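**Q** Sharing a structure with you now.
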Amino acid sequence: MYQKHEIGKIGEDIAVKYLLEKGYQILERNFECKQGEIDIVAKDKEEYVFVEVKTRSNENYGKPKDAVDETKKKHIYRSVEFYVYINQLENKPIRIDVIQIYKKKEKYLLNHIKQAISERPYI
């Protein structure tokens with residue numbers, strides 16, 4: 001379990017570095033609430049971006065994006081709703097992205113899926 005946590009942390013660090021290089025402003029990392037967790041909250045120009053980061057060292061359990069199943073989407077969406085509410089962002093543009101990171105030996109391959117969760121999951 002510790003190794004899984006460390007790979008996830010490395011993946012989040014890589015995602016933050018990537019987003020900063022793309023001009024995003026990082027507002028928060030690992031926002032937790034009873035609804036769930038948001039890995040990264042960022043701002044891309046005027047749009048608030050909520051990012052779920054999935055890192056894998058192999059595909060034994062599927063692709064990273066496959067881990068964002070309907071249950072995970074519900075938790076993310078509820079967490080985003082709560083974040084928007086407590087930060088009074090109701091009328092601001094938002095989107096939910098997924099960043100997939102594959103660890104291949106000593107290299108990391110990144111795939112940024114913008115607007116990965118575009119519709120409200122069935123709750």
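Labeling convention for the structure tokens: chains A, B, ... as they appear, residues from 1 per chain, ligands from 1 in order of appearance.
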Do a neighbour search on A:Glu81 at 12 Å with only C-alpha atoms, toss out local chain neighbours closer than 3 positions, and write the hits as a count of residues only.

**A** 23

**Q** Record the distance separating atom CA of A:Asn91 and atom CA of A:Ala67, expressed in Å with one decimal.

**A**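 A separation of 29.8 Å between them.
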
**Q** For stretch 20-31 of chain A, work out the shell of residues within 12 Å, counting only C-alpha atoms and skipping chain neighbours fewer than 5 positions away, then give it as a PyMOL selection string.

**A** chain A and resi 8-9+12-15+36-53+76+79-80+82-84+87+112

**Q** Keeping only N, CA, C and O atoms, write the selected residues as a CSV table (one decimal), in the first residue's frame.

**A**
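For reference, again_4.csv as written:
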```
chain,number,residue,atom,x,y,z
A,8,GLY,N,1.4,7.4,-6.4
A,8,GLY,CA,0.3,8.4,-6.5
A,8,GLY,C,0.8,9.8,-6.2
A,8,GLY,O,0.5,10.8,-6.9
A,9,LYS,N,1.6,10.0,-5.2
A,9,LYS,CA,2.2,11.3,-4.8
A,9,LYS,C,3.1,11.8,-5.9
A,9,LYS,O,3.1,13.0,-6.3
A,12,GLU,N,1.0,13.0,-8.8
A,12,GLU,CA,0.4,14.3,-8.5
A,12,GLU,C,1.5,15.4,-8.6
A,12,GLU,O,1.2,16.5,-9.2
A,13,ASP,N,2.7,15.2,-8.2
A,13,ASP,CA,3.8,16.2,-8.3
A,13,ASP,C,4.1,16.4,-9.8
A,13,ASP,O,4.2,17.6,-10.2
A,14,ILE,N,4.1,15.4,-10.6
A,14,ILE,CA,4.3,15.5,-12.0
A,14,ILE,C,3.2,16.3,-12.7
A,14,ILE,O,3.4,17.2,-13.5
A,15,ALA,N,1.9,16.0,-12.3
A,15,ALA,CA,0.8,16.7,-12.8
A,15,ALA,C,0.8,18.2,-12.5
A,15,ALA,O,0.5,19.1,-13.3
A,36,GLY,N,-15.5,13.4,-0.5
A,36,GLY,CA,-14.4,12.8,-1.2
A,36,GLY,C,-13.2,13.7,-1.2
A,36,GLY,O,-13.0,14.5,-0.3
A,37,GLU,N,-12.3,13.5,-2.2
A,37,GLU,CA,-11.1,14.3,-2.3
A,37,GLU,C,-10.9,14.8,-3.8
A,37,GLU,O,-11.3,14.1,-4.7
A,38,ILE,N,-10.4,16.0,-3.9
A,38,ILE,CA,-10.0,16.5,-5.2
A,38,ILE,C,-8.5,16.6,-5.2
A,38,ILE,O,-7.9,17.3,-4.3
A,39,ASP,N,-7.8,16.0,-6.1
A,39,ASP,CA,-6.3,15.9,-6.1
A,39,ASP,C,-5.7,17.3,-6.3
A,39,ASP,O,-4.8,17.7,-5.6
A,40,ILE,N,-6.2,18.0,-7.3
A,40,ILE,CA,-5.7,19.4,-7.6
A,40,ILE,C,-6.8,20.3,-8.0
A,40,ILE,O,-7.7,19.9,-8.8
A,41,VAL,N,-6.8,21.5,-7.4
A,41,VAL,CA,-7.7,22.6,-7.8
A,41,VAL,C,-6.8,23.6,-8.4
A,41,VAL,O,-5.9,24.1,-7.8
A,42,ALA,N,-7.1,24.0,-9.7
A,42,ALA,CA,-6.3,24.9,-10.4
A,42,ALA,C,-7.2,25.9,-11.1
A,42,ALA,O,-8.4,25.8,-11.2
A,43,LYS,N,-6.5,26.9,-11.7
A,43,LYS,CA,-7.2,27.9,-12.5
A,43,LYS,C,-6.5,28.1,-13.8
A,43,LYS,O,-5.3,28.3,-13.8
A,44,ASP,N,-7.3,27.9,-14.9
A,44,ASP,CA,-6.8,28.1,-16.2
A,44,ASP,C,-7.5,29.3,-16.8
A,44,ASP,O,-8.6,29.3,-17.2
A,45,LYS,N,-6.8,30.4,-16.8
A,45,LYS,CA,-7.3,31.7,-17.1
A,45,LYS,C,-8.5,32.0,-16.2
A,45,LYS,O,-8.2,32.2,-15.0
A,46,GLU,N,-9.7,32.1,-16.7
A,46,GLU,CA,-10.8,32.4,-15.8
A,46,GLU,C,-11.6,31.1,-15.4
A,46,GLU,O,-12.6,31.2,-14.7
A,47,GLU,N,-11.1,29.9,-15.8
A,47,GLU,CA,-11.9,28.7,-15.5
A,47,GLU,C,-11.2,27.9,-14.4
A,47,GLU,O,-10.0,27.8,-14.3
A,48,TYR,N,-12.1,27.5,-13.5
A,48,TYR,CA,-11.6,26.7,-12.3
A,48,TYR,C,-11.6,25.2,-12.8
A,48,TYR,O,-12.5,24.7,-13.4
A,49,VAL,N,-10.5,24.6,-12.6
A,49,VAL,CA,-10.2,23.2,-13.1
A,49,VAL,C,-10.0,22.3,-11.9
A,49,VAL,O,-9.1,22.5,-11.1
A,50,PHE,N,-10.8,21.2,-11.8
A,50,PHE,CA,-10.7,20.2,-10.8
A,50,PHE,C,-10.1,19.0,-11.4
A,50,PHE,O,-10.6,18.5,-12.4
A,51,VAL,N,-8.9,18.6,-10.9
A,51,VAL,CA,-8.1,17.5,-11.6
A,51,VAL,C,-8.0,16.3,-10.7
A,51,VAL,O,-7.6,16.3,-9.6
A,52,GLU,N,-8.4,15.2,-11.3
A,52,GLU,CA,-8.2,13.8,-10.7
A,52,GLU,C,-6.9,13.3,-11.4
A,52,GLU,O,-6.9,13.2,-12.7
A,53,VAL,N,-6.0,12.9,-10.6
A,53,VAL,CA,-4.7,12.3,-11.2
A,53,VAL,C,-4.7,10.8,-10.9
A,53,VAL,O,-4.9,10.4,-9.8
A,76,ILE,N,-16.1,12.5,-6.9
A,76,ILE,CA,-15.5,13.7,-7.5
A,76,ILE,C,-16.5,14.9,-7.6
A,76,ILE,O,-16.3,16.0,-7.2
A,79,SER,N,-17.6,16.3,-4.4
A,79,SER,CA,-16.6,17.1,-3.8
A,79,SER,C,-16.4,18.4,-4.5
A,79,SER,O,-16.2,19.5,-3.8
A,80,VAL,N,-16.5,18.4,-5.8
A,80,VAL,CA,-16.5,19.7,-6.6
A,80,VAL,C,-17.7,20.6,-6.2
A,80,VAL,O,-17.5,21.8,-6.0
A,82,PHE,N,-19.2,20.7,-3.4
A,82,PHE,CA,-19.0,21.3,-2.1
A,82,PHE,C,-17.9,22.4,-2.2
A,82,PHE,O,-18.1,23.4,-1.6
A,83,TYR,N,-16.9,22.1,-2.9
A,83,TYR,CA,-15.8,23.1,-3.1
A,83,TYR,C,-16.4,24.4,-3.7
A,83,TYR,O,-16.1,25.5,-3.2
A,84,VAL,N,-17.2,24.3,-4.7
A,84,VAL,CA,-17.8,25.4,-5.4
A,84,VAL,C,-18.7,26.2,-4.4
A,84,VAL,O,-18.6,27.4,-4.3
A,87,ASN,N,-16.6,28.0,-1.6
A,87,ASN,CA,-15.8,29.1,-2.1
A,87,ASN,C,-16.6,30.1,-3.0
A,87,ASN,O,-16.0,30.9,-3.6
A,112,HIS,N,-3.4,14.3,-20.6
A,112,HIS,CA,-4.3,15.3,-20.0
A,112,HIS,C,-5.6,15.2,-20.7
A,112,HIS,O,-5.7,15.6,-21.9
```

**Q** Would you pick out the contacts of A:Lys103 at 10 Å or less, using only C-alpha atoms, so that residues sharing its chain but fewer than 4 positions from it are not included, and give the list as JSON, numbers by chain?

**A** {"A": [7, 10, 11, 55, 56, 57, 58, 107, 108, 109, 110]}
